[in-house]
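Chemist: Here you go, this is my_file-v9.tsv (TSV, C-alpha atoms).
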```tsv
chain	number	residue	atom	x	y	z
Y	19	MET	CA	4.08	-34.95	56.02
Y	20	SER	CA	4.88	-32.09	58.35
Y	21	PHE	CA	7.71	-29.64	57.95
Y	22	ARG	CA	9.60	-27.99	60.80
Y	23	LYS	CA	11.98	-25.08	60.28
Y	24	LEU	CA	15.61	-25.82	60.96
Y	25	SER	CA	17.43	-24.08	63.79
Y	26	MET	CA	20.58	-22.15	62.97
Y	27	GLU	CA	22.52	-24.93	64.66
Y	28	GLU	CA	20.92	-27.55	62.44
Y	29	MET	CA	21.82	-25.53	59.38
Y	30	GLY	CA	25.42	-25.90	60.45
Y	31	ARG	CA	26.05	-22.21	60.00
Y	32	LEU	CA	29.72	-21.57	59.51
Y	33	GLU	CA	31.56	-18.69	61.07
Y	34	ALA	CA	32.79	-16.00	58.70
Y	35	ASP	CA	36.45	-16.87	59.08
Y	36	GLU	CA	35.83	-20.56	58.64
Y	37	ASN	CA	33.83	-19.93	55.49
Y	38	ARG	CA	36.70	-18.21	53.75
Y	39	ASP	CA	38.38	-21.60	53.69
Y	40	SER	CA	35.29	-23.77	53.18
Y	41	GLU	CA	34.53	-25.63	49.96
Y	42	LYS	CA	33.63	-23.46	47.04
Y	43	PHE	CA	32.33	-23.91	43.50
Y	44	PRO	CA	34.64	-22.75	40.71
Y	45	PHE	CA	32.97	-19.51	39.74
Y	46	VAL	CA	33.36	-15.79	40.30
Y	47	PHE	CA	31.06	-12.89	39.59
Y	48	VAL	CA	32.50	-9.94	37.67
Y	49	LEU	CA	30.48	-6.77	38.27
Y	50	ASP	CA	31.24	-4.09	35.69
Y	51	ASN	CA	30.08	-0.57	36.42
Y	52	ILE	CA	27.12	-1.65	38.55
Y	53	ARG	CA	25.37	1.49	39.71
Y	54	SER	CA	23.17	0.17	42.51
Y	55	LEU	CA	24.84	-0.56	45.84
Y	56	SER	CA	21.78	-2.62	46.73
Y	57	ASN	CA	22.52	-4.88	43.76
Y	58	VAL	CA	26.18	-5.18	44.77
Y	59	GLY	CA	25.18	-6.23	48.29
Y	60	SER	CA	22.64	-8.72	47.00
Y	61	VAL	CA	25.27	-10.36	44.74
Y	62	PHE	CA	27.57	-10.68	47.80
Y	63	ARG	CA	24.79	-12.48	49.68
Y	64	THR	CA	24.18	-14.83	46.73
Y	65	ALA	CA	27.91	-15.46	46.32
Y	66	ASP	CA	28.10	-16.49	49.97
Y	67	ALA	CA	25.07	-18.77	49.78
Y	68	LEU	CA	26.01	-20.52	46.54
Y	69	GLY	CA	29.69	-20.90	47.37
Y	70	ALA	CA	31.32	-18.59	44.83
Y	71	GLU	CA	35.10	-18.29	44.94
Y	72	GLY	CA	34.83	-14.53	44.89
Y	73	ILE	CA	33.65	-11.30	43.32
Y	74	CYS	CA	35.54	-8.88	41.08
Y	75	LEU	CA	34.28	-5.30	41.41
Y	76	CYS	CA	35.23	-3.36	38.28
Y	77	GLY	CA	35.10	0.29	37.23
Y	78	PHE	CA	32.78	2.44	39.31
Y	79	THR	CA	31.04	-0.52	41.02
Y	80	GLY	CA	30.83	0.30	44.73
Y	81	GLN	CA	33.12	-1.45	47.20
Y	82	PRO	CA	32.83	-2.54	50.83
Y	83	PRO	CA	32.81	-1.24	53.43
Y	84	HIS	CA	29.71	0.74	52.54
Y	85	ARG	CA	26.52	1.10	54.51
Y	86	GLU	CA	24.27	0.75	51.45
Y	87	ILE	CA	26.03	-2.45	50.37
Y	88	GLU	CA	25.70	-3.92	53.88
Y	89	LYS	CA	21.93	-3.37	53.89
Y	90	THR	CA	21.53	-6.18	51.34
Y	91	ALA	CA	24.80	-8.10	51.86
Y	92	LEU	CA	23.88	-8.74	55.51
Y	93	GLY	CA	27.43	-9.69	56.48
Y	94	ALA	CA	28.43	-11.51	53.30
Y	95	THR	CA	31.09	-8.88	52.51
Y	96	GLU	CA	33.02	-10.46	55.42
Y	97	SER	CA	32.72	-14.03	54.16
Y	98	VAL	CA	33.21	-13.61	50.40
Y	99	ASN	CA	36.59	-12.84	48.84
Y	100	TRP	CA	36.54	-9.78	46.61
Y	101	VAL	CA	38.95	-7.65	44.64
Y	102	HIS	CA	38.65	-4.33	42.83
Y	103	PHE	CA	39.92	-3.56	39.33
Y	104	ASP	CA	39.77	-0.08	37.85
Y	105	SER	CA	39.88	-1.68	34.43
Y	106	LEU	CA	37.52	-4.46	33.38
Y	107	GLN	CA	40.03	-5.44	30.72
Y	108	ASP	CA	42.76	-6.02	33.34
Y	109	CYS	CA	40.32	-8.09	35.37
Y	110	LEU	CA	39.34	-10.31	32.43
Y	111	ILE	CA	42.98	-10.81	31.38
Y	112	ASP	CA	43.82	-11.82	34.94
Y	113	LEU	CA	40.92	-14.28	35.12
Y	114	ARG	CA	41.75	-15.77	31.71
Y	115	ASN	CA	45.37	-16.28	32.81
Y	116	LYS	CA	44.03	-18.12	35.86
Y	117	GLY	CA	42.06	-20.50	33.63
Y	118	PHE	CA	38.57	-19.05	33.94
Y	119	GLN	CA	36.10	-19.30	31.06
Y	120	LEU	CA	34.75	-15.78	30.53
Y	121	VAL	CA	31.00	-15.62	29.98
Y	122	ALA	CA	28.93	-12.47	29.77
Y	123	LEU	CA	25.24	-12.37	30.61
Y	124	GLU	CA	23.62	-10.39	27.83
Y	125	GLN	CA	21.19	-10.58	24.93
Y	126	THR	CA	23.30	-10.65	21.75
Y	127	THR	CA	23.67	-12.33	18.39
Y	128	GLY	CA	25.46	-15.65	18.81
Y	129	SER	CA	24.45	-16.01	22.46
Y	130	THR	CA	23.87	-19.39	24.12
Y	131	LEU	CA	20.49	-19.80	25.78
Y	132	LEU	CA	21.00	-20.63	29.44
Y	133	GLN	CA	19.17	-23.96	29.21
Y	134	ASN	CA	21.81	-25.06	26.67
Y	135	PHE	CA	24.78	-23.88	28.71
Y	136	ILE	CA	26.87	-26.49	30.52
Y	137	PRO	CA	29.80	-25.10	32.53
Y	138	SER	CA	33.04	-26.94	32.06
Y	139	GLY	CA	35.96	-25.46	34.00
Y	140	PRO	CA	36.12	-22.42	36.24
Y	141	LEU	CA	33.61	-19.78	35.25
Y	142	ALA	CA	33.70	-15.99	35.38
Y	143	ILE	CA	30.18	-14.58	35.05
Y	144	VAL	CA	30.35	-11.01	33.73
Y	145	LEU	CA	27.40	-8.79	34.66
Y	146	GLY	CA	27.03	-5.32	33.20
Y	147	ASN	CA	25.52	-1.99	34.10
Y	148	GLU	CA	21.78	-1.90	34.91
Y	149	ILE	CA	21.00	0.44	32.02
Y	150	THR	CA	23.62	-0.13	29.35
Y	151	GLY	CA	24.34	-3.82	29.99
Y	152	VAL	CA	27.65	-5.55	29.38
Y	153	SER	CA	30.07	-3.17	27.65
Y	154	GLU	CA	31.20	-3.62	24.04
Y	155	GLU	CA	34.74	-3.91	25.38
Y	156	ALA	CA	33.75	-6.92	27.46
Y	157	LEU	CA	31.74	-8.51	24.64
Y	158	GLN	CA	34.90	-8.47	22.49
Y	159	MET	CA	36.86	-10.33	25.17
Y	160	VAL	CA	34.52	-13.04	26.47
Y	161	ASP	CA	34.47	-16.66	25.35
Y	162	ALA	CA	30.70	-16.90	25.31
Y	163	VAL	CA	27.55	-14.92	25.93
Y	164	ILE	CA	24.80	-16.54	27.97
Y	165	GLU	CA	21.23	-15.36	27.57
Y	166	ILE	CA	18.41	-16.09	29.99
Y	167	PRO	CA	15.42	-16.76	27.73
Y	168	GLN	CA	12.64	-14.29	28.39
Y	169	PHE	CA	8.97	-14.66	27.66
Y	170	GLY	CA	7.39	-11.42	28.79
Y	171	MET	CA	7.12	-7.79	27.85
Y	172	LYS	CA	10.17	-6.26	29.45
Y	173	HIS	CA	13.06	-8.38	28.18
Y	174	SER	CA	15.08	-7.55	31.23
Y	175	LEU	CA	15.80	-8.99	34.64
Y	176	ASN	CA	17.30	-7.44	37.73
Y	177	VAL	CA	21.07	-7.94	37.68
Y	178	ALA	CA	21.19	-9.58	41.13
Y	179	VAL	CA	18.35	-11.95	40.22
Y	180	SER	CA	20.14	-12.80	36.95
Y	181	ALA	CA	23.36	-13.48	38.86
Y	182	GLY	CA	21.50	-15.89	41.13
Y	183	ILE	CA	19.87	-17.70	38.21
Y	184	VAL	CA	23.12	-18.27	36.30
Y	185	ALA	CA	25.00	-19.25	39.46
Y	186	TRP	CA	22.33	-21.76	40.46
Y	187	HIS	CA	22.25	-23.18	36.90
Y	188	SER	CA	26.01	-23.79	37.15
Y	189	VAL	CA	26.05	-25.08	40.74
Y	190	ARG	CA	23.29	-27.52	39.84
Y	191	ALA	CA	25.39	-28.85	36.97
Y	192	TRP	CA	28.44	-29.25	39.23
Y	193	LEU	CA	26.36	-30.99	41.92
Y	194	ALA	CA	25.03	-33.43	39.30
Y	195	LYS	CA	28.59	-34.30	38.27
Y	196	ALA	CA	29.84	-34.78	41.84
C	4	MET	CA	33.25	-15.02	17.54
C	5	SER	CA	31.87	-11.56	18.04
C	6	PHE	CA	28.72	-10.71	19.91
C	7	ARG	CA	26.41	-7.80	19.09
C	8	LYS	CA	23.65	-6.66	21.43
C	9	LEU	CA	20.12	-7.21	20.16
C	10	SER	CA	17.87	-4.26	19.43
C	11	MET	CA	14.50	-4.10	21.16
C	12	GLU	CA	12.91	-5.00	17.83
C	13	GLU	CA	15.06	-8.08	17.51
C	14	MET	CA	14.07	-9.17	20.99
C	15	GLY	CA	10.49	-9.19	19.79
C	16	ARG	CA	9.35	-7.18	22.74
C	17	LEU	CA	5.65	-7.69	23.33
C	18	GLU	CA	3.31	-4.95	24.28
C	19	ALA	CA	1.81	-5.10	27.77
C	20	ASP	CA	-1.69	-5.95	26.60
C	21	GLU	CA	-0.46	-8.59	24.20
C	22	ASN	CA	1.62	-10.21	26.94
C	23	ARG	CA	-1.36	-10.82	29.17
C	24	ASP	CA	-2.46	-13.39	26.59
C	25	SER	CA	0.97	-14.66	25.54
C	26	GLU	CA	2.29	-18.12	26.37
C	27	LYS	CA	3.00	-18.73	30.02
C	28	PHE	CA	4.57	-21.43	32.14
C	29	PRO	CA	2.30	-23.10	34.71
C	30	PHE	CA	3.52	-21.42	37.86
C	31	VAL	CA	2.52	-18.64	40.20
C	32	PHE	CA	4.39	-16.90	42.98
C	33	VAL	CA	2.64	-16.61	46.35
C	34	LEU	CA	4.09	-13.78	48.42
C	35	ASP	CA	3.10	-14.05	52.08
C	36	ASN	CA	3.65	-11.00	54.28
C	37	ILE	CA	6.59	-9.68	52.27
C	38	ARG	CA	7.75	-6.49	53.91
C	39	SER	CA	9.93	-4.95	51.22
C	40	LEU	CA	8.17	-3.24	48.33
C	41	SER	CA	11.43	-3.45	46.44
C	42	ASN	CA	11.27	-7.24	46.68
C	43	VAL	CA	7.65	-7.26	45.53
C	44	GLY	CA	8.55	-5.19	42.47
C	45	SER	CA	11.52	-7.40	41.68
C	46	VAL	CA	9.35	-10.53	41.80
C	47	PHE	CA	6.92	-8.85	39.36
C	48	ARG	CA	9.81	-8.21	36.95
C	49	THR	CA	10.98	-11.83	37.24
C	50	ALA	CA	7.42	-13.12	36.80
C	51	ASP	CA	7.15	-11.13	33.58
C	52	ALA	CA	10.49	-12.31	32.22
C	53	LEU	CA	10.07	-15.99	33.04
C	54	GLY	CA	6.43	-16.20	31.95
C	55	ALA	CA	4.65	-16.79	35.25
C	56	GLU	CA	0.87	-17.13	35.15
C	57	GLY	CA	0.55	-14.64	37.96
C	58	ILE	CA	1.32	-13.52	41.48
C	59	CYS	CA	-0.76	-13.86	44.63
C	60	LEU	CA	-0.10	-11.08	47.14
C	61	CYS	CA	-1.14	-12.25	50.62
C	62	GLY	CA	-1.50	-10.62	54.01
C	63	PHE	CA	0.32	-7.30	54.37
C	64	THR	CA	2.37	-7.73	51.18
C	65	GLY	CA	2.20	-4.41	49.30
C	66	GLN	CA	0.04	-4.09	46.19
C	67	PRO	CA	0.25	-2.08	42.97
C	68	PRO	CA	-0.12	0.68	42.19
C	69	HIS	CA	2.70	1.81	44.45
C	70	ARG	CA	5.65	4.01	43.62
C	71	GLU	CA	8.14	1.88	45.58
C	72	ILE	CA	6.98	-1.30	43.81
C	73	GLU	CA	7.28	0.37	40.40
C	74	LYS	CA	10.92	1.32	41.06
C	75	THR	CA	11.92	-2.34	40.73
C	76	ALA	CA	8.96	-3.72	38.73
C	77	LEU	CA	9.71	-1.31	35.87
C	78	GLY	CA	6.29	-1.76	34.28
C	79	ALA	CA	5.81	-5.47	35.00
C	80	THR	CA	2.84	-4.72	37.28
C	81	GLU	CA	0.98	-3.92	34.04
C	82	SER	CA	1.93	-7.15	32.26
C	83	VAL	CA	1.63	-9.72	35.06
C	84	ASN	CA	-1.71	-10.90	36.43
C	85	TRP	CA	-1.99	-10.53	40.18
C	86	VAL	CA	-4.56	-10.95	42.91
C	87	HIS	CA	-4.66	-10.07	46.60
C	88	PHE	CA	-5.79	-12.35	49.43
C	89	ASP	CA	-6.09	-11.14	53.01
C	90	SER	CA	-5.70	-14.73	54.11
C	91	LEU	CA	-2.88	-16.97	52.91
C	92	GLN	CA	-5.00	-19.96	53.80
C	93	ASP	CA	-7.79	-18.83	51.42
C	94	CYS	CA	-5.18	-18.32	48.71
C	95	LEU	CA	-3.69	-21.78	49.11
C	96	ILE	CA	-7.12	-23.45	49.18
C	97	ASP	CA	-8.04	-21.61	46.00
C	98	LEU	CA	-4.81	-22.65	44.26
C	99	ARG	CA	-5.16	-26.26	45.39
C	100	ASN	CA	-8.71	-26.35	44.02
C	101	LYS	CA	-7.32	-25.10	40.72
C	102	GLY	CA	-4.87	-28.00	40.60
C	103	PHE	CA	-1.67	-26.27	41.71
C	104	GLN	CA	1.01	-28.19	43.61
C	105	LEU	CA	1.82	-26.06	46.67
C	106	VAL	CA	5.53	-25.79	47.41
C	107	ALA	CA	7.10	-23.56	50.03
C	108	LEU	CA	10.66	-22.29	49.79
C	109	GLU	CA	12.15	-22.79	53.23
C	110	GLN	CA	14.77	-24.68	55.20
C	111	THR	CA	12.92	-27.42	57.13
C	112	THR	CA	13.05	-31.06	58.11
C	113	GLY	CA	11.76	-33.19	55.25
C	114	SER	CA	12.57	-30.59	52.61
C	115	THR	CA	13.55	-31.48	49.05
C	116	LEU	CA	16.83	-30.00	47.86
C	117	LEU	CA	16.21	-27.92	44.76
C	118	GLN	CA	18.54	-30.00	42.59
C	119	ASN	CA	16.29	-33.00	43.28
C	120	PHE	CA	13.03	-31.18	42.59
C	121	ILE	CA	11.26	-31.88	39.30
C	122	PRO	CA	8.01	-29.93	38.79
C	123	SER	CA	5.13	-32.00	37.53
C	124	GLY	CA	1.89	-30.06	37.13
C	125	PRO	CA	1.11	-26.42	37.84
C	126	LEU	CA	3.25	-25.03	40.62
C	127	ALA	CA	2.56	-22.46	43.34
C	128	ILE	CA	5.83	-21.22	44.83
C	129	VAL	CA	5.20	-19.89	48.34
C	130	LEU	CA	7.69	-17.28	49.57
C	131	GLY	CA	7.61	-16.01	53.13
C	132	ASN	CA	8.55	-12.95	55.11
C	133	GLU	CA	12.15	-11.70	54.90
C	134	ILE	CA	12.76	-12.19	58.63
C	135	THR	CA	10.43	-14.94	59.80
C	136	GLY	CA	10.26	-17.00	56.59
C	137	VAL	CA	7.30	-19.11	55.48
C	138	SER	CA	4.67	-19.20	58.24
C	139	GLU	CA	3.89	-22.34	60.24
C	140	GLU	CA	0.34	-22.09	58.89
C	141	ALA	CA	1.65	-22.36	55.33
C	142	LEU	CA	4.06	-25.18	56.19
C	143	GLN	CA	1.10	-27.24	57.43
C	144	MET	CA	-0.73	-26.78	54.13
C	145	VAL	CA	1.91	-27.22	51.44
C	146	ASP	CA	2.59	-30.43	49.51
C	147	ALA	CA	6.36	-30.02	49.62
C	148	VAL	CA	9.11	-27.78	50.88
C	149	ILE	CA	11.93	-26.91	48.50
C	150	GLU	CA	15.29	-25.88	49.89
C	151	ILE	CA	18.02	-24.13	47.93
C	152	PRO	CA	21.24	-25.78	49.16
C	153	GLN	CA	23.54	-23.24	50.73
C	154	PHE	CA	27.25	-23.44	51.20
C	155	GLY	CA	28.21	-20.23	52.95
C	156	MET	CA	27.99	-18.50	56.29
C	157	LYS	CA	24.62	-16.79	56.11
C	158	HIS	CA	22.18	-19.57	55.22
C	159	SER	CA	19.87	-17.09	53.64
C	160	LEU	CA	19.16	-15.64	50.24
C	161	ASN	CA	17.23	-12.56	49.20
C	162	VAL	CA	13.60	-13.52	48.60
C	163	ALA	CA	13.50	-12.06	45.07
C	164	VAL	CA	16.73	-13.86	44.13
C	165	SER	CA	15.32	-17.11	45.56
C	166	ALA	CA	12.12	-16.62	43.56
C	167	GLY	CA	14.18	-16.24	40.40
C	168	ILE	CA	16.27	-19.34	41.12
C	169	VAL	CA	13.28	-21.63	41.77
C	170	ALA	CA	11.36	-20.23	38.80
C	171	TRP	CA	14.33	-20.75	36.46
C	172	HIS	CA	14.85	-24.27	37.80
C	173	SER	CA	11.22	-25.07	36.92
C	174	VAL	CA	11.14	-23.28	33.55
C	175	ARG	CA	14.32	-25.10	32.54
C	176	ALA	CA	12.64	-28.44	33.34
C	177	TRP	CA	9.54	-27.50	31.31
C	178	LEU	CA	11.67	-26.33	28.38
C	179	ALA	CA	13.56	-29.66	28.43
C	180	LYS	CA	10.25	-31.55	28.21
C	181	ALA	CA	8.84	-29.42	25.39
```
Now, as a test, write the supplied structure out as structure tokens.

Modeler:
Amino acid sequence: MSFRKLSMEEMGRLEADENRDSEKFPFVFVLDNIRSLSNVGSVFRTADALGAEGICLCGFTGQPPHREIEKTALGATESVNWVHFDSLQDCLIDLRNKGFQLVALEQTTGSTLLQNFIPSGPLAIVLGNEITGVSEEALQMVDAVIEIPQFGMKHSLNVAVSAGIVAWHSVRAWLAKA
Amino acid sequence: MSFRKLSMEEMGRLEADENRDSEKFPFVFVLDNIRSLSNVGSVFRTADALGAEGICLCGFTGQPPHREIEKTALGATESVNWVHFDSLQDCLIDLRNKGFQLVALEQTTGSTLLQNFIPSGPLAIVLGNEITGVSEEALQMVDAVIEIPQFGMKHSLNVAVSAGIVAWHSVRAWLAKA
């Protein structure tokens, strides 16, 4: 078996404008007080690749256009829908009214281990600050807490890597249903 | 339902020395000519969290100890086994001799979409350079190519995010078997 890399044409790369209307999976990322612009950009890139409906940037999370976000977003700020909310609470109320299930990614009592999590309807994945995690305010409002099981010393994962893992876990489930 | 964050004690955080002998999943990351030290550090952190057996750093991929790697590894260079190979080919031969299935993460003809990939035995996940991807040399040697399906404009994912997605996909399968 030999493997040959695909050309951009073969990948069927979509233009940015076209992508805004292309098929999406029913999930959004909610970034609450994310400090690192590099993480924000990386989540944009993942949201583009995995077909997220959009990103909610809450609190002091940085917003495009920003040079530091672009370094890791690599153009995905143009293809992914995003909105800013000063207040996380307003954002979560809005998403709940639109029918999203609110899930926070955190290590808490009563959490659901990711391997046991099956997304049902539209999903809002709430990701918290790199140091302090998902806020208490958010934990009081969400429908569920998802926890990525961890087997090492650090008990922490980069927020952009975590976002990718939970998004893939959900996309995989939706693909299996389709 | 209310959710309360776990204390470090509750998480059962392991000490670095203890972790080197703690239970692992049968996979290693192979980083071939990875340019960004930030990506290298992030893969170390993911390898720690998801219980990788180790990391092979090939070619010009940066090695610990390095300040820029530590910024994103956050101590995981002390808890994760790693080895350096000048030659990727030597690394892959060594892993094959040890019984690892060699899989590259790339977009090629004949690739297996990640949702269809089920790991069997020990797995070596080969990740290539941020710009040029997995080398032709590596593509000629691997047993399979895994492709993360992509639905957006960019047709690319950050290498550390991709590493996390494939590792979680595999760990999830092993957990389901256990």

Chemist: Take chain C, superimpose it onto chain Y by least squares using every C-alpha atom paired in sequence order, and output the result as a compact mmCIF listing (two decimals) with C-alpha atoms, in the frame of the given file.

Modeler:
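Once everything was written out, this is superposed.txt:
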```txt
# COMPACT_ATOMS: atom_id res chain seq x y z
CA MET C 4 4.08 -34.93 56.04
CA SER C 5 4.87 -32.08 58.36
CA PHE C 6 7.71 -29.65 57.95
CA ARG C 7 9.59 -27.99 60.81
CA LYS C 8 11.97 -25.08 60.27
CA LEU C 9 15.63 -25.83 60.96
CA SER C 10 17.44 -24.09 63.79
CA MET C 11 20.61 -22.18 62.98
CA GLU C 12 22.55 -24.98 64.66
CA GLU C 13 20.93 -27.57 62.45
CA MET C 14 21.84 -25.56 59.38
CA GLY C 15 25.45 -25.91 60.42
CA ARG C 16 26.06 -22.23 60.00
CA LEU C 17 29.74 -21.56 59.49
CA GLU C 18 31.55 -18.69 61.03
CA ALA C 19 32.81 -15.98 58.69
CA ASP C 20 36.48 -16.86 59.09
CA GLU C 21 35.84 -20.55 58.66
CA ASN C 22 33.85 -19.92 55.48
CA ARG C 23 36.73 -18.21 53.74
CA ASP C 24 38.39 -21.63 53.65
CA SER C 25 35.28 -23.77 53.18
CA GLU C 26 34.46 -25.63 49.98
CA LYS C 27 33.60 -23.45 47.03
CA PHE C 28 32.33 -23.89 43.50
CA PRO C 29 34.65 -22.74 40.71
CA PHE C 30 32.97 -19.50 39.75
CA VAL C 31 33.36 -15.79 40.30
CA PHE C 32 31.05 -12.89 39.59
CA VAL C 33 32.50 -9.94 37.67
CA LEU C 34 30.49 -6.78 38.27
CA ASP C 35 31.25 -4.10 35.69
CA ASN C 36 30.08 -0.56 36.42
CA ILE C 37 27.12 -1.63 38.54
CA ARG C 38 25.37 1.49 39.72
CA SER C 39 23.17 0.18 42.51
CA LEU C 40 24.83 -0.56 45.83
CA SER C 41 21.78 -2.60 46.72
CA ASN C 42 22.52 -4.89 43.77
CA VAL C 43 26.17 -5.19 44.78
CA GLY C 44 25.17 -6.23 48.30
CA SER C 45 22.64 -8.72 46.99
CA VAL C 46 25.26 -10.35 44.75
CA PHE C 47 27.56 -10.67 47.79
CA ARG C 48 24.78 -12.48 49.68
CA THR C 49 24.17 -14.83 46.73
CA ALA C 50 27.91 -15.44 46.32
CA ASP C 51 28.09 -16.48 49.97
CA ALA C 52 25.07 -18.77 49.78
CA LEU C 53 26.00 -20.52 46.54
CA GLY C 54 29.70 -20.89 47.37
CA ALA C 55 31.31 -18.57 44.84
CA GLU C 56 35.10 -18.28 44.92
CA GLY C 57 34.83 -14.52 44.90
CA ILE C 58 33.66 -11.30 43.31
CA CYS C 59 35.54 -8.88 41.09
CA LEU C 60 34.28 -5.30 41.41
CA CYS C 61 35.25 -3.34 38.29
CA GLY C 62 35.12 0.29 37.24
CA PHE C 63 32.78 2.45 39.33
CA THR C 64 31.05 -0.50 41.01
CA GLY C 65 30.83 0.31 44.73
CA GLN C 66 33.13 -1.44 47.20
CA PRO C 67 32.83 -2.53 50.83
CA PRO C 68 32.82 -1.24 53.42
CA HIS C 69 29.71 0.73 52.54
CA ARG C 70 26.52 1.11 54.52
CA GLU C 71 24.26 0.77 51.46
CA ILE C 72 26.02 -2.44 50.38
CA GLU C 73 25.70 -3.91 53.88
CA LYS C 74 21.92 -3.37 53.88
CA THR C 75 21.52 -6.17 51.33
CA ALA C 76 24.79 -8.09 51.86
CA LEU C 77 23.88 -8.74 55.51
CA GLY C 78 27.43 -9.68 56.48
CA ALA C 79 28.43 -11.51 53.29
CA THR C 80 31.08 -8.87 52.52
CA GLU C 81 33.01 -10.45 55.41
CA SER C 82 32.70 -14.03 54.15
CA VAL C 83 33.20 -13.60 50.40
CA ASN C 84 36.58 -12.84 48.84
CA TRP C 85 36.54 -9.79 46.62
CA VAL C 86 38.95 -7.65 44.66
CA HIS C 87 38.66 -4.33 42.84
CA PHE C 88 39.93 -3.56 39.33
CA ASP C 89 39.79 -0.07 37.85
CA SER C 90 39.89 -1.68 34.43
CA LEU C 91 37.54 -4.47 33.39
CA GLN C 92 40.03 -5.45 30.73
CA ASP C 93 42.77 -6.03 33.35
CA CYS C 94 40.31 -8.10 35.37
CA LEU C 95 39.35 -10.31 32.44
CA ILE C 96 42.98 -10.82 31.40
CA ASP C 97 43.82 -11.82 34.95
CA LEU C 98 40.92 -14.29 35.13
CA ARG C 99 41.75 -15.77 31.73
CA ASN C 100 45.36 -16.28 32.83
CA LYS C 101 44.02 -18.12 35.87
CA GLY C 102 42.07 -20.49 33.63
CA PHE C 103 38.57 -19.03 33.95
CA GLN C 104 36.09 -19.30 31.07
CA LEU C 105 34.75 -15.77 30.53
CA VAL C 106 31.00 -15.63 29.98
CA ALA C 107 28.93 -12.47 29.76
CA LEU C 108 25.24 -12.37 30.61
CA GLU C 109 23.61 -10.39 27.83
CA GLN C 110 21.19 -10.58 24.93
CA THR C 111 23.30 -10.67 21.74
CA THR C 112 23.67 -12.35 18.39
CA GLY C 113 25.47 -15.66 18.82
CA SER C 114 24.45 -16.03 22.46
CA THR C 115 23.87 -19.39 24.12
CA LEU C 116 20.49 -19.81 25.78
CA LEU C 117 20.99 -20.64 29.44
CA GLN C 118 19.17 -23.97 29.20
CA ASN C 119 21.81 -25.08 26.68
CA PHE C 120 24.79 -23.89 28.71
CA ILE C 121 26.87 -26.50 30.52
CA PRO C 122 29.80 -25.09 32.53
CA SER C 123 33.05 -26.94 32.04
CA GLY C 124 35.97 -25.45 33.97
CA PRO C 125 36.12 -22.42 36.24
CA LEU C 126 33.60 -19.79 35.25
CA ALA C 127 33.70 -15.99 35.37
CA ILE C 128 30.18 -14.58 35.06
CA VAL C 129 30.35 -11.02 33.73
CA LEU C 130 27.40 -8.78 34.66
CA GLY C 131 27.04 -5.31 33.22
CA ASN C 132 25.50 -1.99 34.09
CA GLU C 133 21.77 -1.88 34.90
CA ILE C 134 20.99 0.46 32.00
CA THR C 135 23.63 -0.12 29.34
CA GLY C 136 24.34 -3.81 29.99
CA VAL C 137 27.66 -5.56 29.38
CA SER C 138 30.08 -3.17 27.64
CA GLU C 139 31.20 -3.63 24.04
CA GLU C 140 34.75 -3.91 25.37
CA ALA C 141 33.75 -6.92 27.47
CA LEU C 142 31.75 -8.51 24.64
CA GLN C 143 34.90 -8.49 22.49
CA MET C 144 36.86 -10.34 25.17
CA VAL C 145 34.51 -13.03 26.47
CA ASP C 146 34.48 -16.66 25.35
CA ALA C 147 30.69 -16.90 25.31
CA VAL C 148 27.55 -14.93 25.93
CA ILE C 149 24.80 -16.55 27.98
CA GLU C 150 21.23 -15.37 27.57
CA ILE C 151 18.40 -16.09 29.99
CA PRO C 152 15.40 -16.77 27.72
CA GLN C 153 12.63 -14.30 28.39
CA PHE C 154 8.97 -14.66 27.67
CA GLY C 155 7.41 -11.41 28.80
CA MET C 156 7.12 -7.78 27.85
CA LYS C 157 10.19 -6.26 29.47
CA HIS C 158 13.09 -8.36 28.18
CA SER C 159 15.09 -7.55 31.23
CA LEU C 160 15.80 -9.00 34.63
CA ASN C 161 17.29 -7.44 37.74
CA VAL C 162 21.06 -7.95 37.68
CA ALA C 163 21.18 -9.59 41.13
CA VAL C 164 18.34 -11.96 40.21
CA SER C 165 20.14 -12.82 36.95
CA ALA C 166 23.35 -13.48 38.88
CA GLY C 167 21.48 -15.88 41.13
CA ILE C 168 19.85 -17.71 38.21
CA VAL C 169 23.11 -18.27 36.29
CA ALA C 170 24.99 -19.24 39.45
CA TRP C 171 22.31 -21.77 40.43
CA HIS C 172 22.25 -23.18 36.90
CA SER C 173 26.01 -23.79 37.15
CA VAL C 174 26.05 -25.09 40.74
CA ARG C 175 23.27 -27.52 39.85
CA ALA C 176 25.38 -28.86 36.96
CA TRP C 177 28.43 -29.26 39.23
CA LEU C 178 26.36 -30.99 41.91
CA ALA C 179 25.01 -33.43 39.29
CA LYS C 180 28.58 -34.32 38.27
CA ALA C 181 29.83 -34.79 41.83
```

Chemist: Rank nothing, just name the residue among Y:Gln125, Y:Gln119, Y:Asn99, Y:Thr150 nearest to His173 of chain Y, using all atoms listed in the file.

Modeler: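 The closest residue to His173 of chain Y is Y:Gln125.
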
Chemist: Quick one: residues within 6 Å of Ala122 of chain Y, only C-alpha atoms, excluding same-chain residues fewer than 6 positions away - as number ranges by chain?

Modeler: Y: 143-144, 163

Chemist: Ranking C:Ala52, C:Ala163, C:Val43, C:Val106 by minimum distance to Ile166 of chain Y and counting all atoms listed in the file, which one comes first?

Modeler: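 Ranking C:Ala52, C:Ala163, C:Val43, C:Val106 by distance to Ile166 of chain Y, first place goes to C:Ala52.
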
Chemist: List the spatial neighbours of segment 111-116 of chain C as a list of chain:residue names - criterion: any atom at most 8 Å away, only C-alpha atoms, same-chain residues fewer than 2 positions off excluded.

Modeler: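 In the requested form, the answer reads Y:Met19, Y:Ser20, Y:Phe21, Y:Arg22, Y:Lys23, Y:Leu24, C:Glu109, C:Gln118, C:Asn119, C:Phe120, C:Ala147, C:Val148, C:Ile149, C:Glu150, C:Ile151, C:Pro152.
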